[in-house]
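So this block is query.tsv, TSV, C-alpha atoms:
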chain	number	residue	atom	x	y	z
Q	386	MET	CA	205.24	94.25	70.74
Q	387	ASN	CA	205.73	96.88	68.16
Q	388	PRO	CA	202.52	97.06	66.13
Q	389	VAL	CA	204.24	98.56	63.21
Q	390	SER	CA	206.45	95.51	62.75
Q	391	SER	CA	203.43	93.20	62.50
Q	392	PHE	CA	201.69	95.45	60.05
Q	393	LYS	CA	201.54	94.13	56.53
Q	394	PRO	CA	201.42	96.86	53.93
Q	395	LEU	CA	198.31	96.59	51.80
Q	396	LYS	CA	198.56	96.50	48.08
Q	397	ASN	CA	195.62	98.79	47.48
Q	398	SER	CA	197.02	102.28	47.49
Q	399	TYR	CA	193.81	103.78	48.89
Q	400	GLN	CA	193.84	101.46	51.86
Q	401	GLN	CA	197.49	102.05	52.24
Q	402	LYS	CA	196.86	105.71	52.61
Q	403	ILE	CA	194.38	105.20	55.42
Q	404	PHE	CA	196.22	102.53	57.30
Q	405	GLY	CA	199.44	104.30	56.63
Q	406	LEU	CA	198.51	106.47	59.61
Q	407	ARG	CA	199.48	103.52	61.76
Q	408	ASN	CA	203.01	103.94	60.54
Q	409	ILE	CA	203.04	107.41	62.01
Q	410	PHE	CA	201.18	106.71	65.29
Q	411	SER	CA	201.37	103.76	67.62
Q	412	THR	CA	198.10	101.82	68.09
Q	413	LYS	CA	197.58	103.49	71.44
Q	414	GLN	CA	198.07	106.91	69.97
Q	415	PHE	CA	195.88	106.00	67.06
Q	416	ILE	CA	193.03	104.90	69.32
Q	417	LEU	CA	193.45	108.01	71.42
Q	418	LEU	CA	193.34	110.18	68.34
Q	419	LEU	CA	190.30	108.34	67.01
Q	420	THR	CA	188.51	108.73	70.32
Q	421	LEU	CA	189.27	112.42	70.45
Q	422	VAL	CA	188.10	112.93	66.88
Q	423	LEU	CA	184.89	111.05	67.55
Q	424	LEU	CA	184.28	112.86	70.82
Q	425	SER	CA	184.94	116.32	69.49
Q	426	PRO	CA	181.42	116.88	68.05
Q	427	LEU	CA	180.00	116.26	71.52
Q	428	SER	CA	181.76	119.33	72.81
Q	429	TRP	CA	179.57	121.34	70.40
Q	430	ALA	CA	176.39	119.56	71.42
Q	431	GLU	CA	175.33	121.74	74.27
Q	432	GLU	CA	171.75	121.84	75.36
Q	433	ALA	CA	169.74	124.58	73.68
Q	434	LEU	CA	170.19	127.72	75.68
Q	435	PRO	CA	167.02	128.87	77.37
Q	436	VAL	CA	165.86	132.30	76.32
Q	437	ALA	CA	165.82	133.54	79.88
Q	438	GLU	CA	169.01	133.66	81.85
Q	439	ASP	CA	167.30	132.06	84.80
Q	440	PRO	CA	166.51	128.36	84.25
Q	441	ALA	CA	164.23	128.24	87.29
Q	442	ILE	CA	161.99	130.94	85.86
Q	443	GLU	CA	162.09	129.29	82.47
Q	444	LYS	CA	160.95	126.04	84.02
Q	445	ARG	CA	158.06	127.68	85.85
Q	446	MET	CA	157.11	129.60	82.72
Q	447	LEU	CA	156.99	126.37	80.72
Q	448	ALA	CA	154.96	124.58	83.39
Q	449	LEU	CA	152.48	127.46	83.43
Q	450	SER	CA	152.19	127.83	79.69
Q	451	GLU	CA	151.55	124.10	79.21
Q	452	ASP	CA	148.09	124.66	80.62
Q	453	LEU	CA	147.36	127.83	78.70
Q	454	ARG	CA	145.84	127.97	75.27
Q	455	CYS	CA	147.35	129.98	72.46
Q	456	LEU	CA	144.44	132.00	71.08
Q	457	VAL	CA	145.85	132.25	67.60
Q	458	CYS	CA	146.39	128.55	67.04
Q	459	GLN	CA	143.67	127.29	69.27
Q	460	ASN	CA	144.67	123.68	69.59
Q	461	GLU	CA	148.16	124.44	70.80
Q	462	SER	CA	149.35	125.39	74.23
Q	463	LEU	CA	151.29	128.56	74.83
Q	464	ALA	CA	154.30	126.39	75.56
Q	465	GLY	CA	154.11	124.53	72.28
Q	466	SER	CA	153.10	127.28	69.92
Q	467	ARG	CA	155.53	129.12	67.68
Q	468	ALA	CA	153.10	131.89	66.90
Q	469	ASP	CA	154.33	135.41	67.49
Q	470	PHE	CA	151.44	135.94	69.86
Q	471	ALA	CA	152.47	132.97	72.01
Q	472	ASN	CA	155.99	134.36	72.06
Q	473	ASP	CA	154.72	137.68	73.41
Q	474	LEU	CA	152.66	136.00	76.09
Q	475	ARG	CA	155.57	133.81	77.13
Q	476	ARG	CA	157.67	136.96	77.46
Q	477	GLU	CA	154.92	138.53	79.53
Q	478	ILE	CA	154.75	135.47	81.82
Q	479	ARG	CA	158.53	135.45	82.17
Q	480	GLU	CA	158.58	139.10	83.13
Q	481	GLN	CA	155.84	138.69	85.67
Q	482	LEU	CA	157.60	135.69	87.19
Q	483	LYS	CA	160.72	137.80	87.50
Q	484	ALA	CA	158.62	140.40	89.26
Q	485	ASN	CA	157.84	137.72	91.85
Q	486	LYS	CA	154.23	137.21	90.88
Q	487	SER	CA	152.68	133.93	91.90
Q	488	ASP	CA	151.40	131.43	89.32
Q	489	GLN	CA	147.83	132.20	90.31
Q	490	GLU	CA	148.34	135.94	89.88
Q	491	ILE	CA	149.65	135.40	86.38
Q	492	ILE	CA	146.79	133.11	85.45
Q	493	ASP	CA	144.32	135.69	86.82
Q	494	PHE	CA	146.06	138.36	84.77
Q	495	LEU	CA	145.66	136.37	81.56
Q	496	VAL	CA	142.08	135.33	82.32
Q	497	SER	CA	141.10	138.95	82.97
Q	498	ARG	CA	142.29	139.82	79.47
Q	499	TYR	CA	141.54	136.76	77.39
Q	500	GLY	CA	138.79	135.04	79.37
Q	501	ASP	CA	138.50	131.49	80.59
Q	502	PHE	CA	139.21	130.41	77.06
Q	503	VAL	CA	142.96	130.63	77.69
Q	504	LEU	CA	142.69	127.92	80.30
Q	505	TYR	CA	142.92	124.34	79.19
Q	506	ARG	CA	141.34	123.45	82.54
Q	507	PRO	CA	138.23	125.58	82.71
Q	508	PRO	CA	137.09	126.55	86.23
Q	509	VAL	CA	133.99	124.93	87.69
Q	510	LYS	CA	131.22	127.55	87.63
Q	511	PRO	CA	127.59	127.72	86.46
Q	512	ALA	CA	128.58	128.22	82.82
Q	513	THR	CA	130.77	125.13	82.87
Q	514	TYR	CA	128.62	122.79	84.99
Q	515	LEU	CA	127.44	121.01	81.86
Q	516	LEU	CA	131.00	120.71	80.61
Q	517	TRP	CA	132.27	119.15	83.82
Q	518	GLY	CA	129.13	117.21	84.75
Q	519	GLY	CA	128.02	116.21	81.25
Q	520	PRO	CA	130.11	113.05	81.00
Q	521	PHE	CA	128.81	111.84	84.34
Q	522	VAL	CA	125.22	112.56	83.30
Q	523	PHE	CA	125.76	110.49	80.18
Q	524	LEU	CA	127.37	107.77	82.27
Q	525	LEU	CA	124.29	107.66	84.51
Q	526	ILE	CA	121.93	107.60	81.52
Q	527	GLY	CA	123.97	104.78	79.99
Q	528	ALA	CA	124.02	102.83	83.25
Q	529	GLY	CA	120.24	103.29	83.59
Q	530	ILE	CA	119.59	102.07	80.07
Q	531	LEU	CA	121.88	99.07	80.64
Q	532	PHE	CA	120.15	98.24	83.92
Q	533	PHE	CA	116.66	98.27	82.44
Q	534	TYR	CA	117.78	96.41	79.35
Q	535	LEU	CA	119.37	93.63	81.43
Q	536	LYS	CA	116.29	93.43	83.63
Q	537	ARG	CA	114.02	93.03	80.64
Q	538	ARG	CA	116.34	90.51	79.08
Q	539	ARG	CA	116.38	88.38	82.21
Q	540	LYS	CA	112.60	88.28	82.11
Q	541	GLN	CA	112.77	87.18	78.49
Q	542	ILE	CA	115.22	84.35	79.04
Q	543	GLU	CA	113.74	83.18	82.32
Q	544	GLU	CA	111.89	79.88	81.62
Q	545	PRO	CA	108.31	79.92	82.78
Q	546	PRO	CA	107.62	76.94	85.09
Q	547	LEU	CA	105.94	73.99	83.44
Q	548	THR	CA	102.29	73.48	83.96
Q	549	GLU	CA	101.04	70.23	85.50
Q	550	GLU	CA	100.09	68.91	82.11
Q	551	GLN	CA	103.44	69.79	80.49
Q	552	HIS	CA	105.15	68.05	83.42
Q	553	ARG	CA	103.27	64.82	82.85
Q	554	HIS	CA	103.89	65.00	79.13
Q	555	ALA	CA	107.61	65.47	79.71
Q	556	GLU	CA	107.71	62.56	82.09
Q	557	THR	CA	106.06	60.21	79.62
Q	558	LEU	CA	108.51	61.34	76.97
Q	559	LEU	CA	111.42	60.65	79.30
Q	560	LYS	CA	110.09	57.21	80.13
Q	561	GLU	CA	109.66	56.37	76.47
Q	562	ASN	CA	113.19	57.43	75.84
Q	563	LYS	CA	114.52	55.20	78.63
Q	564	GLY	CA	112.55	52.27	77.28
Q	565	ASN	CA	114.08	52.72	73.86
Q	566	ASN	CA	117.59	52.85	75.22
Q	567	ALA	CA	117.22	49.68	77.24
E	1354	MET	CA	107.11	101.97	64.20
E	1355	MET	CA	109.32	102.75	67.19
E	1356	ARG	CA	112.18	100.97	65.44
E	1357	PHE	CA	112.28	103.68	62.79
E	1358	LEU	CA	111.23	106.68	64.82
E	1359	LEU	CA	113.96	106.34	67.41
E	1360	PRO	CA	116.94	106.40	65.02
E	1361	LEU	CA	115.23	109.17	63.06
E	1362	ALA	CA	114.83	111.25	66.20
E	1363	ALA	CA	118.47	110.60	67.15
E	1364	PHE	CA	119.54	111.60	63.65
E	1365	ILE	CA	117.57	114.84	63.77
E	1366	VAL	CA	119.09	115.73	67.14
E	1367	LEU	CA	122.56	115.02	65.75
E	1368	VAL	CA	121.93	117.20	62.69
E	1369	GLY	CA	120.72	119.93	65.02
E	1370	PHE	CA	123.94	119.82	67.02
E	1371	LEU	CA	126.06	119.82	63.87
E	1372	ALA	CA	124.12	122.76	62.41
E	1373	VAL	CA	124.70	124.79	65.55
E	1374	GLY	CA	128.33	123.71	65.68
E	1375	LEU	CA	128.91	124.76	62.08
E	1376	ASN	CA	127.64	128.25	62.78
E	1377	LEU	CA	129.74	128.83	65.86
E	1378	LYS	CA	132.83	130.96	65.45
E	1379	PRO	CA	135.51	129.51	67.69
E	1380	ARG	CA	137.93	132.18	66.43
E	1381	GLU	CA	135.88	134.86	68.09
E	1382	VAL	CA	136.63	134.53	71.74
E	1383	PRO	CA	134.31	136.76	73.76
E	1384	SER	CA	136.34	139.37	75.55
E	1385	PRO	CA	136.07	139.49	79.33
E	1386	LEU	CA	136.92	143.18	79.13
E	1387	ILE	CA	133.51	144.22	77.85
E	1388	GLY	CA	131.80	146.31	80.51
E	1389	LYS	CA	135.14	146.88	82.23
E	1390	PRO	CA	137.28	150.02	82.23
E	1391	ALA	CA	139.58	150.13	79.23
E	1392	PRO	CA	143.17	149.41	80.28
E	1393	VAL	CA	145.12	152.60	80.67
E	1394	PHE	CA	147.95	153.15	78.24
E	1395	GLN	CA	150.40	155.85	77.48
E	1396	SER	CA	152.43	155.72	74.34
E	1397	GLN	CA	154.14	157.66	71.60
E	1398	SER	CA	152.23	159.03	68.70
E	1399	LEU	CA	153.10	157.40	65.42
E	1400	HIS	CA	153.50	160.68	63.55
E	1401	GLU	CA	155.21	162.65	66.29
E	1402	PRO	CA	157.29	160.36	68.48
E	1403	GLU	CA	157.87	163.11	71.02
E	1404	ARG	CA	154.14	163.42	71.61
E	1405	ILE	CA	152.70	161.05	74.22
E	1406	LEU	CA	149.06	160.09	74.19
E	1407	ALA	CA	147.43	158.75	77.33
E	1408	SER	CA	144.15	156.87	77.07
E	1409	LYS	CA	142.69	158.88	79.91
E	1410	ASP	CA	142.83	162.00	77.73
E	1411	ASN	CA	139.85	160.52	75.92
E	1412	LEU	CA	137.58	160.47	78.96
E	1413	GLY	CA	134.32	162.24	78.31
E	1414	LYS	CA	133.95	161.18	74.71
E	1415	VAL	CA	132.98	158.06	72.91
E	1416	TRP	CA	135.86	156.78	70.82
E	1417	LEU	CA	137.02	153.81	68.82
E	1418	LEU	CA	140.32	152.10	69.33
E	1419	ASN	CA	141.35	150.33	66.17
E	1420	VAL	CA	144.27	147.91	66.34
E	1421	TRP	CA	146.09	147.86	63.03
E	1422	ALA	CA	149.43	147.09	61.42
E	1423	SER	CA	150.95	147.56	58.01
E	1424	TRP	CA	151.67	143.82	57.84
E	1425	CYS	CA	148.02	142.97	58.45
E	1426	VAL	CA	146.22	141.99	55.28
E	1427	SER	CA	142.65	142.14	56.57
E	1428	CYS	CA	143.32	145.67	57.82
E	1429	ARG	CA	143.29	146.74	54.18
E	1430	GLU	CA	139.83	145.26	53.88
E	1431	GLU	CA	138.34	147.42	56.59
E	1432	HIS	CA	140.44	150.48	55.95
E	1433	PRO	CA	138.22	152.25	53.37
E	1434	LEU	CA	135.31	151.91	55.80
E	1435	LEU	CA	137.32	153.48	58.60
E	1436	VAL	CA	138.43	156.32	56.33
E	1437	GLU	CA	134.81	156.98	55.45
E	1438	LEU	CA	133.70	156.77	59.06
E	1439	ALA	CA	136.40	159.24	60.06
E	1440	LYS	CA	135.28	161.63	57.31
E	1441	SER	CA	131.71	161.50	58.56
E	1442	GLY	CA	132.96	162.83	61.89
E	1443	ILE	CA	130.58	160.60	63.86
E	1444	VAL	CA	133.24	159.25	66.16
E	1445	PRO	CA	136.98	159.76	66.58
E	1446	ILE	CA	139.06	156.73	65.71
E	1447	TYR	CA	142.31	156.20	67.53
E	1448	GLY	CA	144.77	153.77	66.06
E	1449	LEU	CA	146.94	151.34	67.93
E	1450	ASN	CA	149.80	150.55	65.59
E	1451	TYR	CA	150.47	147.01	66.77
E	1452	LYS	CA	153.92	145.42	66.46
E	1453	ASP	CA	154.87	147.47	63.46
E	1454	LYS	CA	157.77	149.50	62.17
E	1455	ARG	CA	157.32	153.25	62.16
E	1456	ASP	CA	158.43	153.87	58.58
E	1457	LEU	CA	156.32	151.04	57.17
E	1458	ALA	CA	153.29	152.20	59.14
E	1459	LEU	CA	153.64	155.78	57.97
E	1460	GLN	CA	154.04	154.65	54.39
E	1461	TRP	CA	150.96	152.47	54.71
E	1462	LEU	CA	148.88	155.38	55.98
E	1463	SER	CA	150.01	157.70	53.21
E	1464	GLN	CA	149.14	155.02	50.70
E	1465	TYR	CA	145.71	153.99	51.97
E	1466	GLY	CA	144.60	157.12	53.83
E	1467	ASP	CA	144.75	158.01	57.49
E	1468	PRO	CA	141.45	157.78	59.37
E	1469	TYR	CA	143.04	158.12	62.79
E	1470	THR	CA	142.81	161.15	65.02
E	1471	ILE	CA	146.06	159.87	66.48
E	1472	SER	CA	147.83	156.56	66.11
E	1473	VAL	CA	149.91	155.40	69.01
E	1474	VAL	CA	152.63	152.83	68.65
E	1475	ASP	CA	152.83	149.49	70.42
E	1476	PRO	CA	155.98	148.00	68.90
E	1477	GLU	CA	156.21	145.11	71.36
E	1478	GLY	CA	152.53	144.36	71.66
E	1479	ARG	CA	152.36	145.23	75.36
E	1480	ILE	CA	149.31	147.47	75.14
E	1481	GLY	CA	147.84	144.76	72.95
E	1482	ILE	CA	148.20	142.19	75.73
E	1483	ASP	CA	146.48	144.56	78.15
E	1484	TYR	CA	143.56	144.86	75.78
E	1485	GLY	CA	143.41	141.13	75.11
E	1486	VAL	CA	144.39	141.57	71.47
E	1487	TYR	CA	145.14	138.24	69.84
E	1488	GLY	CA	144.75	139.15	66.20
E	1489	VAL	CA	144.72	142.20	64.00
E	1490	PRO	CA	142.48	144.02	63.25
E	1491	GLU	CA	140.40	144.45	66.34
E	1492	THR	CA	138.25	147.44	67.19
E	1493	TYR	CA	137.01	148.56	70.59
E	1494	VAL	CA	134.13	150.90	71.31
E	1495	ILE	CA	134.92	152.86	74.47
E	1496	ASP	CA	132.35	155.07	76.17
E	1497	LYS	CA	132.55	158.43	77.93
E	1498	ASN	CA	133.52	156.81	81.21
E	1499	GLY	CA	136.33	154.91	79.58
E	1500	VAL	CA	134.50	151.58	79.68
E	1501	ILE	CA	134.85	149.09	76.84
E	1502	ARG	CA	131.38	148.48	75.43
E	1503	HIS	CA	132.07	146.39	72.38
E	1504	LYS	CA	134.89	144.53	70.72
E	1505	GLN	CA	134.93	143.80	67.04
E	1506	ILE	CA	137.21	140.87	66.29
E	1507	GLY	CA	138.45	140.89	62.73
E	1508	PRO	CA	137.78	143.55	60.12
E	1509	VAL	CA	134.94	146.02	60.54
E	1510	THR	CA	132.33	145.36	57.86
E	1511	ILE	CA	129.42	147.41	56.59
E	1512	GLU	CA	127.12	144.95	58.29
E	1513	SER	CA	128.81	145.10	61.70
E	1514	LEU	CA	129.03	148.87	61.42
E	1515	GLU	CA	125.35	149.35	60.63
E	1516	LYS	CA	123.96	146.67	62.90
E	1517	LYS	CA	126.11	147.01	65.95
E	1518	ILE	CA	128.77	149.69	66.08
E	1519	LEU	CA	126.92	152.78	64.81
E	1520	PRO	CA	123.72	152.20	66.84
E	1521	LEU	CA	125.85	151.58	69.92
E	1522	ILE	CA	127.84	154.78	69.37
E	1523	LYS	CA	124.61	156.76	68.92
E	1524	GLU	CA	123.25	155.29	72.14
E	1525	LEU	CA	126.45	156.03	74.05
E	1526	GLN	CA	126.71	159.57	72.72
E	1527	GLY	CA	123.08	160.36	73.42

Kindly transcribe the structure held in the file into structure tokens.
Amino acid sequence: MNPVSSFKPLKNSYQQKIFGLRNIFSTKQFILLLTLVLLSPLSWAEEALPVAEDPAIEKRMLALSEDLRCLVCQNESLAGSRADFANDLRREIREQLKANKSDQEIIDFLVSRYGDFVLYRPPVKPATYLLWGGPFVFLLIGAGILFFYLKRRRKQIEEPPLTEEQHRHAETLLKENKGNNA
Amino acid sequence: MMRFLLPLAAFIVLVGFLAVGLNLKPREVPSPLIGKPAPVFQSQSLHEPERILASKDNLGKVWLLNVWASWCVSCREEHPLLVELAKSGIVPIYGLNYKDKRDLALQWLSQYGDPYTISVVDPEGRIGIDYGVYGVPETYVIDKNGVIRHKQIGPVTIESLEKKILPLIKELQG
């Protein structure tokens, strides 16, 4: 079927202009053209080029710098910071990776210059025992307090056994009650 | 009685922690390089690019390494003090012109005065990384054996000069 023959010209001149394209192209061509036009921006949308030529090194650099603190903007990692300083350190890490240094060697290099503060995961050593152990100490203290509190509470809610006299009194009360119900 | 004393005690402890926390300076990260040999560098002089200064040339004397840049605002704050200190001749001050442009740096020095025996250039901040520089200005006191003895983070002030830097220099020179 020829699509052009079934096409009714529209009265609105504006619409005519747009749909007039169909008079030039067949539907198939039109769809093809439309698809190409719509797809064309995708050809521009490449992934952002990594700064280093070597994506493997870039990946390792990013993984490393995720766990390193930027000293200028102290709540950001080296990977996430846009500070000039972070840029320089990323360059340094990249270069050392290219020189075949291991991750540990690079971390040691940075720690020897900037101290443990660059690490988001501080090492376990006497100065950081409180940091690492503190939460567990508080957990123990909390558990202890809870334990003693519950123990005391149980004592408070535990009913003391009735004395002989109270027993007899209760029994008479119960009997009276039964008598009334009958 | 206990009902009131306990929360009060907890409150006082909390205030204590907050008071200490308020007076900490998280910006000042203690340098692990103190007590360690100053990293060796070799770089061009700012004034005479063909002249190379190596840090080991300074062995045998106490010296200051001042990291500065023309783009650094707080450098202006400390600069008059450095100029005065240089005039007094107590200690030589070497400048590390950090991530700067030569013409701007030279212009800055002619405008505000030049306290430096020599300024070396570190256009890419590589020497800075070796020294653990993470902000400008920073000042290092380096002893006769080339060991870093003190690091001043941020501008040198009259107070830090009189209380820490000058007594330390006297001790090291003595």

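Residues from chain E found within 12 Å of chain Q are Pro1379, Arg1380, Glu1381, Val1382, Pro1383, Ser1384, Pro1385, Leu1386, Ile1387, Lys1389, Pro1390, Ala1391, Pro1392, Tyr1451, Lys1452, Pro1476, Glu1477, Gly1478, Arg1479, Ile1480, Gly1481, Ile1482, Asp1483, Tyr1484, Gly1485, Val1486, Tyr1487, Gly1488 and Val1489 of chain E, counting only C-alpha atoms.
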
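If you look at atom CA of Ser1427 of chain E and atom CA of Pro1490 of chain E, they are 6.9 Å away from each other.
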
Q.
Let me make sure I understand: among Q:Ala464, Q:Val509, Q:Ala528, Q:Leu482, which one has the smallest atom-to-atom distance to Glu451 of chain Q if we use all atoms listed in the file?
A. Q:Ala464

Q) What gap, in Å, lies between atom CA of Gln481 of chain Q and atom CA of Asp452 of chain Q? A) 16.8 Å

Q) So which residues touch Arg506 of chain Q within 12 Å, counting all atoms listed in the file, skipping near sequence neighbours fewer than 6 positions away, as a PyMOL selection string? A) chain Q and resi 449+451-454+462+492+496+513+516-517

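Residue nearest Lys1409 of chain E, chosen from E:Asp1467, E:Asp1456, E:Asp1496, E:Glu1431 and counting all atoms listed in the file: E:Asp1496.
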
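Reported to one decimal place, the separation of atom CA of Pro508 of chain Q from atom CA of Leu1367 of chain E is 27.6 Å.
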
Since the input is missing atoms for segment 1355-1368 of chain E, could you rebuild it with N, CA and C atoms and give the result as a PDB file, in the coordinates of the input?
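out14.pdb written:
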ATOM      1  N   MET E1355     108.306 102.222  66.289  1.00  0.00           N
ATOM      2  CA  MET E1355     109.320 102.750  67.190  1.00  0.00           C
ATOM      3  C   MET E1355     110.727 102.496  66.641  1.00  0.00           C
ATOM      4  N   ARG E1356     110.858 101.363  65.951  1.00  0.00           N
ATOM      5  CA  ARG E1356     112.180 100.970  65.440  1.00  0.00           C
ATOM      6  C   ARG E1356     112.725 102.007  64.474  1.00  0.00           C
ATOM      7  N   PHE E1357     111.832 102.685  63.767  1.00  0.00           N
ATOM      8  CA  PHE E1357     112.280 103.680  62.790  1.00  0.00           C
ATOM      9  C   PHE E1357     112.296 105.074  63.389  1.00  0.00           C
ATOM     10  N   LEU E1358     111.347 105.335  64.271  1.00  0.00           N
ATOM     11  CA  LEU E1358     111.230 106.680  64.820  1.00  0.00           C
ATOM     12  C   LEU E1358     112.427 107.040  65.702  1.00  0.00           C
ATOM     13  N   LEU E1359     112.886 106.066  66.453  1.00  0.00           N
ATOM     14  CA  LEU E1359     113.960 106.340  67.410  1.00  0.00           C
ATOM     15  C   LEU E1359     115.256 106.763  66.711  1.00  0.00           C
ATOM     16  N   PRO E1360     115.730 105.960  65.736  1.00  0.00           N
ATOM     17  CA  PRO E1360     116.940 106.400  65.020  1.00  0.00           C
ATOM     18  C   PRO E1360     116.720 107.725  64.295  1.00  0.00           C
ATOM     19  N   LEU E1361     115.512 107.922  63.763  1.00  0.00           N
ATOM     20  CA  LEU E1361     115.230 109.170  63.060  1.00  0.00           C
ATOM     21  C   LEU E1361     115.352 110.356  64.024  1.00  0.00           C
ATOM     22  N   ALA E1362     114.770 110.179  65.200  1.00  0.00           N
ATOM     23  CA  ALA E1362     114.830 111.250  66.200  1.00  0.00           C
ATOM     24  C   ALA E1362     116.286 111.513  66.581  1.00  0.00           C
ATOM     25  N   ALA E1363     117.055 110.450  66.797  1.00  0.00           N
ATOM     26  CA  ALA E1363     118.470 110.600  67.150  1.00  0.00           C
ATOM     27  C   ALA E1363     119.208 111.330  66.042  1.00  0.00           C
ATOM     28  N   PHE E1364     118.879 110.984  64.800  1.00  0.00           N
ATOM     29  CA  PHE E1364     119.540 111.600  63.650  1.00  0.00           C
ATOM     30  C   PHE E1364     119.232 113.101  63.589  1.00  0.00           C
ATOM     31  N   ILE E1365     117.958 113.424  63.822  1.00  0.00           N
ATOM     32  CA  ILE E1365     117.570 114.840  63.770  1.00  0.00           C
ATOM     33  C   ILE E1365     118.286 115.639  64.858  1.00  0.00           C
ATOM     34  N   VAL E1366     118.378 115.054  66.040  1.00  0.00           N
ATOM     35  CA  VAL E1366     119.090 115.730  67.140  1.00  0.00           C
ATOM     36  C   VAL E1366     120.553 115.955  66.755  1.00  0.00           C
ATOM     37  N   LEU E1367     121.154 114.919  66.157  1.00  0.00           N
ATOM     38  CA  LEU E1367     122.560 115.020  65.750  1.00  0.00           C
ATOM     39  C   LEU E1367     122.742 116.130  64.722  1.00  0.00           C
ATOM     40  N   VAL E1368     121.849 116.167  63.726  1.00  0.00           N
ATOM     41  CA  VAL E1368     121.930 117.200  62.690  1.00  0.00           C
ATOM     42  C   VAL E1368     121.798 118.584  63.330  1.00  0.00           C
TER      43      VAL E1368
END
